Amino acid sequence: MKVEGEHLFKAPREVVYEMFNDPNALGAAVPGLQKMTKIDASHYEATLGIRVGPVSANFSGTLTLTDEVPPEKVTLIVEGKGGAGFVKGVGHVNFEDLGDKTTMMRYVGEANIGGTLASVGQRMIDSVSKSIFKTAFEKLDKILEERWQQK
Amino acid sequence: MSQTFPISVTVNGKVYNREVEPRLLLSDFLRHDLGLIGTHVGCEHGICGACTILFDGEPVRSCLIFAVQANGHEIRTVESLGTPDHLHPLQQSFKDKHALQCGFCTPGFLMTLVPFLEEHPNPSEDEIREAIDGNICRCTGYEKIVEAVEDAAAKLSQAK
Amino acid sequence: MTAKYLSQPIKRLEDKYLLTGNARYVDDIEVPGVLHAAFLRSDYAHAKINKIDVSEARKRPGVVAVFTAEDFGDFWKPGPLQVPPPTAIAGSKFNARTIVPIAKDKIRYSGEALAVVIAESRYIAEDAFDDIIVDVEPLPAVIDLEKAWEDTSVLVHDDLPSNMAALVSQEVGNYEEAKKNADVVVSKRMLVEHVAGAAMENRGFVAKWDEQDQQMTIWANTQSPLTVRGSVARNLGLAESQVRVITPYIGGGFGPKVMTSLSDDVLIPWIAKKLNRPIKWTEDRRENFLATTSERDQIHHCEIALKKDGTILGFKDVFYHNTGAYDSYGMTVPLNTQTHTISNYRVPNFYTEIRMVFTNTMVVTPVRGAGRSEGVFVMERMIDFAAKKLGMDPTELRLKNLLTAEEMPHKTGIIGQDFVANVLDSGDYLDNYQKCLKAVDYEKFRKEIQPKARKEGKRLGIGVVAFTEGTAVGPYEGCKVTISTNGKVTMATGYSTQGQGHQTVFAQIIADQLNVKVEDVKVITGDTGSFAWGAGTFASRGATLVGTASYLAAQKVRAKIFATASKAFGVPEDEIELGEGFVFVKGKPENKITLGDLAIKANPMRGVVEPGVEPGLEATAYYGPPHGATGSGALAVIVSVDPETYKVKVERFVMVDDCGTIINPLILDGQIDGGVSMGIGNTLYEKMVYDENGQMLTASFMDYLMPQATDMPKKIEIIHQHNKSPLNPLGIKGIGEAGAIPPGPAICQALEDAFSEIPLEILESNLNPSIIYDYVKKARNS
């Protein structure tokens, strides 16, 4: 499955990038994220509860950040497994400073999904993932607004 | 998960008081706890309609309901219709018109159609097809089921 | 001989139990002390297994045992070849890689069993899946048939040089030579997509070991109880007599339930014996999609060569056939494809090549239609494409080449699933087609109905195709007919039944021979404790093989009735008359002996019997044909296409079918109707989809669309032909799969006709509105 999109954050690039390195911020933003622990600078462990149509299950996995060029770009590798299958994804994220204290985030990636999630939930995965992104961005916008105003 | 809850359910006119786990499906409760094997499970996700029963008179999928939700309610299964030697008129029409082959989906069709025929004593072919659209039959291609319903409707309205 | 019941629309004897919840299916079998099995199945289609840790699962309350491949020790081994390869075909290559009961070292399809949990309830058994840690190393999946065939492909079986499961070519005449004389040659690549049998009842298996009697009793909804009995006995080192397999009522078969040596029938008897506890397993719908067999899935490269006048000179077909991860079921499906590709027409030169490929999908075995659908699809499509190129009407080209009654029996020379060269035994294929054209009123549709509809802005199209249905193949089936001392008759056969009405049709044949009431004949199917010989339910062979065996056994019993009565009355046999349920001396009907009393006389308790006399009014008979009996027919469909949504509606459906002697017209039409719904379902709704990683994306009825009541045409018009098969005394040919075979090509032809102003060419079998839209868009732009 291909994942692609963009989002305009109303804050300078450094602030946005910093937020993406903060497990607390990410943890609060991703719907269903139950736990996110930073292992080291580029590794996180997370537990996620997800519901895709008739499939509802917990996934545990890792998030790895590679090819980091702060605050420009980063590659995210997600590997999760659970009772309802597995997800393996690679995402390339770019942050473009638009110069007016806003940042355009563009992401493109590929996700492999297996198990019950694929065999029973496939039809809904696309819309579920879109809805997860949407909710997460709304949440991140809020977090960003608070942080940016504090600064 | 061992915690159980007491339920009292009326099935085919008989009251059953049982202790059940909250996650026990109504279909499993009927089939395995009460031994009412006429209710069949074909897909476990509410599509095929084989497990259709009457819940306070309404046709519902017993694979999508927990047994505890039936507490205090009235259930009717295929066993409440006729017996092998005294078939219900709808069952007789199914036999006469060869509206069943393997018979696995049949109880679900019957339980969908019993209340339908009460509400639609003279149904059109389109109404019949709409009524059974939520029940899947892999054997008959539906045509003979439609004929059986027409036959039963005629017989039932004559009897009135 | 009176035929009071044969060919009559006798209402089914089994229905009253099925209608009232009094028919027991396998999941209805309750054995005291039973434990429940659940299989943990692989999420990956292709992976190396590092470790499967079940230690935590074993500790869960309610879990009795958990097994992985390692726990079965030496018992774990690849299964037998359930169907042998076609060694009769010279030069054929076949690499046997038979299915394993549970994955060891390597996972080869998504859904393959990794562990089996035995627990006090199914709920607990599935809970324990969460406790199992599966450590695997994913490998790239082999899915695309043509890429899989290449030497560069990733391998499903590492010990083979390629993914070739088989390579079989057959040729009659010389295609390449014939092609040189052709005026027109058309080549196409076509897909015949993957579909599920999708019986409403999933599979199930119950095993009970009796330690004291050393007896294994199995209840299973298998189409092949004797194969299961044989393999369970061999696996456990038991005599066949120590294993009894009972098939209760079965909720539909359609092919996949014939497959054995799966996780359940191999492992569950072993576990039941080891734990000395009855074990039950009931498949759920997702498991059925993932880990029960399914079919079709071929890619064809076809070529047809013709003269200008439409005479077919030759046909060439090189096709890739997906066998899945293993090939225990041999080559039944692709061999059926080979025999059916040229079974309708005069094709003097034919080259056909099977490239059977291993992939990371579940095993492919017959589903109603079983290779015939594919063969008929590609031939009928190619004739349509050729007709367009020749500027002929598709019906005209068919009329020119269809086989006639004068050409029967017709040897095609292609070796089929029964390993003998195919002989079309009877029928008039041209007549089938002409009757079909007349019934649908082809001329009127062309001249009046279609032009009028066009003017009103409606898109209507017509398609008329021909088909054959090879049925009733060997080796043999049999049965035992017994008249009991209460005068009632019992027939027992090893053949198992899934809704075909066997309890009624065999009773009809026997009742006629013995002059008893049809309801007084009880038919026991698929209980190896009652009858222990036979091959199984497949290839639409029940009515012909078991029906003929019933006829022959009943005739033997009838002879015994006359012999016993002759002795009892002290008169020659030709003076005995058989009334309904009794015998008497001609002219003296007041002095009768009931068949029950005669059965007592046939089993003397004291005294002597003459040499050669066998006791009882009982006889066993077997029937095995020299080759299959081929049914045939034609199908006309008129479809409408919604101009906005591209939803296709089948407006008329007219089918001509020739299955020889009709045993029961009610049941016969039911068989056709059911096949038709599968054929229409396959063409317009159903499709099993694996993604490039081998994940099945359609493992529920939410994604695998089954045809519903509103999807079917209002009336399936059926015209019966009556060309008897010369192969058996009653002249029967099979019918089980006919309906599923021709709808695909007929609907494709009709769709192209509905868009006749554009060069629409449909090259695949399973359509939906968006696929049709894409085809139309492409044709409009070309």
# chains A, B, ... in the order shown; residues from 1 in each chain; ligands from 1
>>> residues_around(residues="Arg31 in chain B", least_positions_apart="3", cutoff="12 Å", atoms="only C-alpha atoms", output="list in words")
Val11, Leu24, Leu25, Leu26, Ser27, Asp28, Leu34, Gly35, Leu36, Ile37, Gly38, Thr39, His40, Val41, Cys51, Ile53, Ser62, Cys63, Ala67, Thr77, Val78 and Glu79 of chain B; Gly21, Arg24, Tyr25, Asp27, Asp28, Ile29 and Glu30 of chain C
>>> select_by_dssp(residues="range 394-565 of chain C", states="strand (DSSP E or B)", output="number ranges by chain")
C: 402, 410-415, 421-424, 459-471, 477-483, 489-493, 521-525, 527
>>> interface_residues(of="chain C", to="chain B", cutoff="7 Å", atoms="only C-alpha atoms", output="PDB file with N, CA, C and O atoms, in the first residue's frame")
ATOM      1  N   LYS C  11     -40.327 -35.628  -4.795  1.00  0.00           N
ATOM      2  CA  LYS C  11     -39.863 -34.655  -3.792  1.00  0.00           C
ATOM      3  C   LYS C  11     -38.857 -35.330  -2.857  1.00  0.00           C
ATOM      4  O   LYS C  11     -39.015 -36.489  -2.509  1.00  0.00           O
ATOM      5  N   ASP C  15     -35.509 -33.870   2.834  1.00  0.00           N
ATOM      6  CA  ASP C  15     -35.836 -32.477   3.147  1.00  0.00           C
ATOM      7  C   ASP C  15     -36.462 -32.264   4.517  1.00  0.00           C
ATOM      8  O   ASP C  15     -36.205 -31.258   5.175  1.00  0.00           O
ATOM      9  N   LYS C  16     -37.307 -33.189   4.935  1.00  0.00           N
ATOM     10  CA  LYS C  16     -38.028 -32.931   6.187  1.00  0.00           C
ATOM     11  C   LYS C  16     -37.088 -32.804   7.385  1.00  0.00           C
ATOM     12  O   LYS C  16     -37.406 -32.132   8.355  1.00  0.00           O
ATOM     13  N   TYR C  17     -35.931 -33.459   7.297  1.00  0.00           N
ATOM     14  CA  TYR C  17     -34.956 -33.324   8.394  1.00  0.00           C
ATOM     15  C   TYR C  17     -34.183 -32.016   8.265  1.00  0.00           C
ATOM     16  O   TYR C  17     -33.938 -31.329   9.242  1.00  0.00           O
ATOM     17  N   LEU C  18     -33.826 -31.715   7.029  1.00  0.00           N
ATOM     18  CA  LEU C  18     -33.039 -30.489   6.786  1.00  0.00           C
ATOM     19  C   LEU C  18     -33.847 -29.237   7.110  1.00  0.00           C
ATOM     20  O   LEU C  18     -33.300 -28.230   7.571  1.00  0.00           O
ATOM     21  N   LEU C  19     -35.151 -29.308   6.873  1.00  0.00           N
ATOM     22  CA  LEU C  19     -35.991 -28.117   7.041  1.00  0.00           C
ATOM     23  C   LEU C  19     -36.317 -27.801   8.489  1.00  0.00           C
ATOM     24  O   LEU C  19     -36.749 -26.694   8.801  1.00  0.00           O
ATOM     25  N   THR C  20     -36.152 -28.774   9.347  1.00  0.00           N
ATOM     26  CA  THR C  20     -36.660 -28.602  10.714  1.00  0.00           C
ATOM     27  C   THR C  20     -35.567 -28.552  11.768  1.00  0.00           C
ATOM     28  O   THR C  20     -35.855 -28.589  12.955  1.00  0.00           O
ATOM     29  N   GLY C  21     -34.314 -28.475  11.320  1.00  0.00           N
ATOM     30  CA  GLY C  21     -33.223 -28.468  12.303  1.00  0.00           C
ATOM     31  C   GLY C  21     -32.958 -29.845  12.869  1.00  0.00           C
ATOM     32  O   GLY C  21     -32.378 -29.982  13.938  1.00  0.00           O
ATOM     33  N   ASN C  22     -33.383 -30.874  12.136  1.00  0.00           N
ATOM     34  CA  ASN C  22     -33.170 -32.246  12.607  1.00  0.00           C
ATOM     35  C   ASN C  22     -32.074 -32.969  11.834  1.00  0.00           C
ATOM     36  O   ASN C  22     -31.942 -34.178  11.950  1.00  0.00           O
ATOM     37  N   ASP C  28     -22.438 -30.195  14.644  1.00  0.00           N
ATOM     38  CA  ASP C  28     -23.532 -30.556  15.549  1.00  0.00           C
ATOM     39  C   ASP C  28     -23.226 -31.837  16.316  1.00  0.00           C
ATOM     40  O   ASP C  28     -24.006 -32.248  17.171  1.00  0.00           O
ATOM     41  N   ALA C 199     -18.646 -23.194   0.003  1.00  0.00           N
ATOM     42  CA  ALA C 199     -19.825 -23.880   0.539  1.00  0.00           C
ATOM     43  C   ALA C 199     -20.269 -23.133   1.793  1.00  0.00           C
ATOM     44  O   ALA C 199     -19.430 -22.577   2.512  1.00  0.00           O
ATOM     45  N   MET C 200     -21.575 -23.097   2.042  1.00  0.00           N
ATOM     46  CA  MET C 200     -22.033 -22.324   3.199  1.00  0.00           C
ATOM     47  C   MET C 200     -21.534 -22.923   4.516  1.00  0.00           C
ATOM     48  O   MET C 200     -21.349 -22.220   5.492  1.00  0.00           O
ATOM     49  N   GLU C 201     -21.334 -24.232   4.539  1.00  0.00           N
ATOM     50  CA  GLU C 201     -20.755 -24.853   5.727  1.00  0.00           C
ATOM     51  C   GLU C 201     -19.252 -24.942   5.538  1.00  0.00           C
ATOM     52  O   GLU C 201     -18.777 -25.485   4.540  1.00  0.00           O
ATOM     53  N   ASN C 202     -18.513 -24.420   6.491  1.00  0.00           N
ATOM     54  CA  ASN C 202     -17.063 -24.564   6.452  1.00  0.00           C
ATOM     55  C   ASN C 202     -16.691 -26.004   6.769  1.00  0.00           C
ATOM     56  O   ASN C 202     -17.541 -26.812   7.109  1.00  0.00           O
ATOM     57  N   ILE C 250     -23.870 -32.739   5.008  1.00  0.00           N
ATOM     58  CA  ILE C 250     -22.788 -31.826   4.633  1.00  0.00           C
ATOM     59  C   ILE C 250     -23.380 -30.600   3.955  1.00  0.00           C
ATOM     60  O   ILE C 250     -24.213 -30.718   3.052  1.00  0.00           O
ATOM     61  N   GLY C 251     -22.943 -29.440   4.408  1.00  0.00           N
ATOM     62  CA  GLY C 251     -23.504 -28.186   3.914  1.00  0.00           C
ATOM     63  C   GLY C 251     -22.837 -27.682   2.659  1.00  0.00           C
ATOM     64  O   GLY C 251     -22.276 -26.588   2.612  1.00  0.00           O
ATOM     65  N   GLY C 252     -22.898 -28.486   1.607  1.00  0.00           N
ATOM     66  CA  GLY C 252     -22.305 -28.080   0.335  1.00  0.00           C
ATOM     67  C   GLY C 252     -20.865 -28.525   0.232  1.00  0.00           C
ATOM     68  O   GLY C 252     -20.128 -28.576   1.224  1.00  0.00           O
ATOM     69  N   ASP C 284     -13.327 -21.715  10.588  1.00  0.00           N
ATOM     70  CA  ASP C 284     -14.110 -20.481  10.458  1.00  0.00           C
ATOM     71  C   ASP C 284     -13.965 -19.956   9.020  1.00  0.00           C
ATOM     72  O   ASP C 284     -13.199 -20.499   8.224  1.00  0.00           O
ATOM     73  N   ARG C 285     -14.740 -18.959   8.676  1.00  0.00           N
ATOM     74  CA  ARG C 285     -14.817 -18.535   7.279  1.00  0.00           C
ATOM     75  C   ARG C 285     -13.472 -18.019   6.758  1.00  0.00           C
ATOM     76  O   ARG C 285     -13.097 -18.255   5.627  1.00  0.00           O
ATOM     77  N   GLN C 498     -23.520 -33.984  -0.480  1.00  0.00           N
ATOM     78  CA  GLN C 498     -23.448 -32.595   0.003  1.00  0.00           C
ATOM     79  C   GLN C 498     -24.649 -31.785  -0.430  1.00  0.00           C
ATOM     80  O   GLN C 498     -24.572 -30.583  -0.569  1.00  0.00           O
ATOM     81  N   GLY C 499     -25.778 -32.443  -0.652  1.00  0.00           N
ATOM     82  CA  GLY C 499     -26.970 -31.690  -1.037  1.00  0.00           C
ATOM     83  C   GLY C 499     -27.487 -32.031  -2.418  1.00  0.00           C
ATOM     84  O   GLY C 499     -28.443 -31.413  -2.898  1.00  0.00           O
ATOM     85  N   GLN C 500     -26.870 -33.023  -3.063  1.00  0.00           N
ATOM     86  CA  GLN C 500     -27.247 -33.361  -4.443  1.00  0.00           C
ATOM     87  C   GLN C 500     -28.551 -34.143  -4.528  1.00  0.00           C
ATOM     88  O   GLN C 500     -29.005 -34.452  -5.630  1.00  0.00           O
ATOM     89  N   GLY C 501     -29.111 -34.561  -3.383  1.00  0.00           N
ATOM     90  CA  GLY C 501     -30.358 -35.332  -3.431  1.00  0.00           C
ATOM     91  C   GLY C 501     -30.130 -36.818  -3.615  1.00  0.00           C
ATOM     92  O   GLY C 501     -31.014 -37.537  -4.079  1.00  0.00           O
ATOM     93  N   LEU C 666     -36.828 -32.457 -11.019  1.00  0.00           N
ATOM     94  CA  LEU C 666     -36.809 -31.408 -10.003  1.00  0.00           C
ATOM     95  C   LEU C 666     -35.370 -31.165  -9.536  1.00  0.00           C
ATOM     96  O   LEU C 666     -34.873 -30.033  -9.508  1.00  0.00           O
ATOM     97  N   GLY C 670     -32.465 -28.139 -10.209  1.00  0.00           N
ATOM     98  CA  GLY C 670     -31.788 -27.550  -9.049  1.00  0.00           C
ATOM     99  C   GLY C 670     -30.282 -27.560  -9.217  1.00  0.00           C
ATOM    100  O   GLY C 670     -29.590 -26.596  -8.891  1.00  0.00           O
ATOM    101  N   ASP C 673     -29.481 -24.840 -11.797  1.00  0.00           N
ATOM    102  CA  ASP C 673     -29.650 -23.504 -11.195  1.00  0.00           C
ATOM    103  C   ASP C 673     -28.458 -23.146 -10.307  1.00  0.00           C
ATOM    104  O   ASP C 673     -27.941 -22.023 -10.351  1.00  0.00           O
ATOM    105  N   GLY C 674     -28.055 -24.093  -9.473  1.00  0.00           N
ATOM    106  CA  GLY C 674     -26.957 -23.824  -8.541  1.00  0.00           C
ATOM    107  C   GLY C 674     -25.658 -23.573  -9.274  1.00  0.00           C
ATOM    108  O   GLY C 674     -24.894 -22.672  -8.928  1.00  0.00           O
ATOM    109  N   VAL C 676     -25.395 -22.441 -12.250  1.00  0.00           N
ATOM    110  CA  VAL C 676     -25.540 -21.147 -12.925  1.00  0.00           C
ATOM    111  C   VAL C 676     -25.226 -19.996 -11.964  1.00  0.00           C
ATOM    112  O   VAL C 676     -24.527 -19.040 -12.324  1.00  0.00           O
ATOM    113  N   SER C 677     -25.718 -20.098 -10.733  1.00  0.00           N
ATOM    114  CA  SER C 677     -25.466 -18.981  -9.808  1.00  0.00           C
ATOM    115  C   SER C 677     -23.971 -18.872  -9.526  1.00  0.00           C
ATOM    116  O   SER C 677     -23.429 -17.778  -9.377  1.00  0.00           O
ATOM    117  N   PHE C 701     -16.813 -12.657   3.450  1.00  0.00           N
ATOM    118  CA  PHE C 701     -17.902 -12.387   2.503  1.00  0.00           C
ATOM    119  C   PHE C 701     -18.157 -10.885   2.347  1.00  0.00           C
ATOM    120  O   PHE C 701     -19.025 -10.473   1.583  1.00  0.00           O
ATOM    121  N   GLN C 708     -26.216 -12.826  -4.775  1.00  0.00           N
ATOM    122  CA  GLN C 708     -27.390 -12.810  -3.910  1.00  0.00           C
ATOM    123  C   GLN C 708     -28.653 -12.887  -4.765  1.00  0.00           C
ATOM    124  O   GLN C 708     -28.587 -12.843  -6.003  1.00  0.00           O
ATOM    125  N   ALA C 709     -29.795 -12.969  -4.086  1.00  0.00           N
ATOM    126  CA  ALA C 709     -31.052 -13.212  -4.798  1.00  0.00           C
ATOM    127  C   ALA C 709     -31.339 -12.131  -5.840  1.00  0.00           C
ATOM    128  O   ALA C 709     -31.868 -12.419  -6.913  1.00  0.00           O
ATOM    129  N   THR C 710     -30.974 -10.887  -5.539  1.00  0.00           N
ATOM    130  CA  THR C 710     -31.265  -9.804  -6.485  1.00  0.00           C
ATOM    131  C   THR C 710     -30.247  -9.726  -7.622  1.00  0.00           C
ATOM    132  O   THR C 710     -30.415  -8.951  -8.550  1.00  0.00           O
ATOM    133  N   LYS C 714     -34.210 -13.490 -13.246  1.00  0.00           N
ATOM    134  CA  LYS C 714     -35.476 -13.912 -12.649  1.00  0.00           C
ATOM    135  C   LYS C 714     -35.822 -15.340 -13.014  1.00  0.00           C
ATOM    136  O   LYS C 714     -36.434 -16.054 -12.250  1.00  0.00           O
ATOM    137  N   LYS C 715     -35.451 -15.705 -14.229  1.00  0.00           N
ATOM    138  CA  LYS C 715     -35.826 -17.056 -14.661  1.00  0.00           C
ATOM    139  C   LYS C 715     -34.641 -17.691 -15.367  1.00  0.00           C
ATOM    140  O   LYS C 715     -34.069 -17.090 -16.278  1.00  0.00           O
TER     141      LYS C 715
END
>>> interface_residues(of="chain A", to="chain B", cutoff="12 Å", atoms="only C-alpha atoms", output="ChimeraX atom specification")
/A:53-55,120
>>> write_last_selection(atoms="N, CA and C atoms", output="compact mmCIF listing (two decimals), in the first residue's frame")
# COMPACT_ATOMS: atom_id res chain seq x y z
N GLY A 53 -12.33 -1.65 10.54
CA GLY A 53 -13.56 -2.39 10.27
C GLY A 53 -13.81 -3.43 11.36
N PRO A 54 -13.90 -4.69 10.96
CA PRO A 54 -14.21 -5.72 11.95
C PRO A 54 -12.99 -6.14 12.76
N VAL A 55 -11.81 -5.67 12.41
CA VAL A 55 -10.60 -6.10 13.09
C VAL A 55 -10.18 -5.06 14.11
N VAL A 120 -9.03 -9.43 6.02
CA VAL A 120 -10.40 -9.04 6.36
C VAL A 120 -10.58 -7.52 6.34
>>> closest_residue(among="C:Ala165, C:Ala636, C:Ile133, C:Val64", to="chain A", atoms="only C-alpha atoms")
C:Ile133
>>> interface_residues(of="chain A", to="chain C", cutoff="7 Å", atoms="only C-alpha atoms", output="list in words")
Gly83, Gly85, Gly114, Gly115, Ala118, Ser119, Val120 and Gln122 of chain A
>>> residues_around(residues="Lys458 in chain C", least_positions_apart="2", cutoff="12 Å", atoms="only C-alpha atoms", output="MDAnalysis selection string")
chainID C and resid 449:456 460:461 639:644 646 648:649 754:755
>>> residues_around(residues="Asp67 in chain A", least_positions_apart="2", cutoff="12 Å", atoms="only C-alpha atoms", output="list in words")
Ser42, Thr64, Leu65, Val69, Pro70, Pro71, Glu72, Lys73, Val74, Thr75, Leu76, Ile77, Val90, Gly91, His92, Val93 and Asn94 of chain A
>>> residues_around(residues="Phe137 in chain A", least_positions_apart="4", cutoff="10 Å", atoms="only C-alpha atoms", output="VMD selection string")
chain A and resid 7 to 9 29 to 30 131 to 133 141 to 143
>>> atom_distance(atom1="CA of Val505 in chain C", atom2="CA of His340 in chain C")
27.8 Å
>>> residues_around(residues="range 305-308 of chain C", least_positions_apart="4", cutoff="7 Å", atoms="only C-alpha atoms", output="list in words")
Lys179, Ala182, Asp183, Val184, Val185, Val186, Ile312, Leu313, Gly314, Phe315 and Leu390 of chain C
>>> residues_around(residues="Val473 in chain C", least_positions_apart="3", cutoff="10 Å", atoms="only C-alpha atoms", output="list in words")
Gly416, Gln417, Asp418, Phe419, Val420, Gly470, Tyr476, Phe538, Ala539, Ser540, Arg541, Gly542, Thr544, Leu545, Gly624, Pro625, Pro626, His627, Gly628, Ala629, Thr630 and Gly734 of chain C
>>> select_by_dssp(residues="range 174-316 of chain C", states="alpha helix (DSSP H)", output="count of residues only")
38
>>> atom_distance(atom1="CA of Thr116 in chain A", atom2="CA of Gly80 in chain A")
13.6 Å
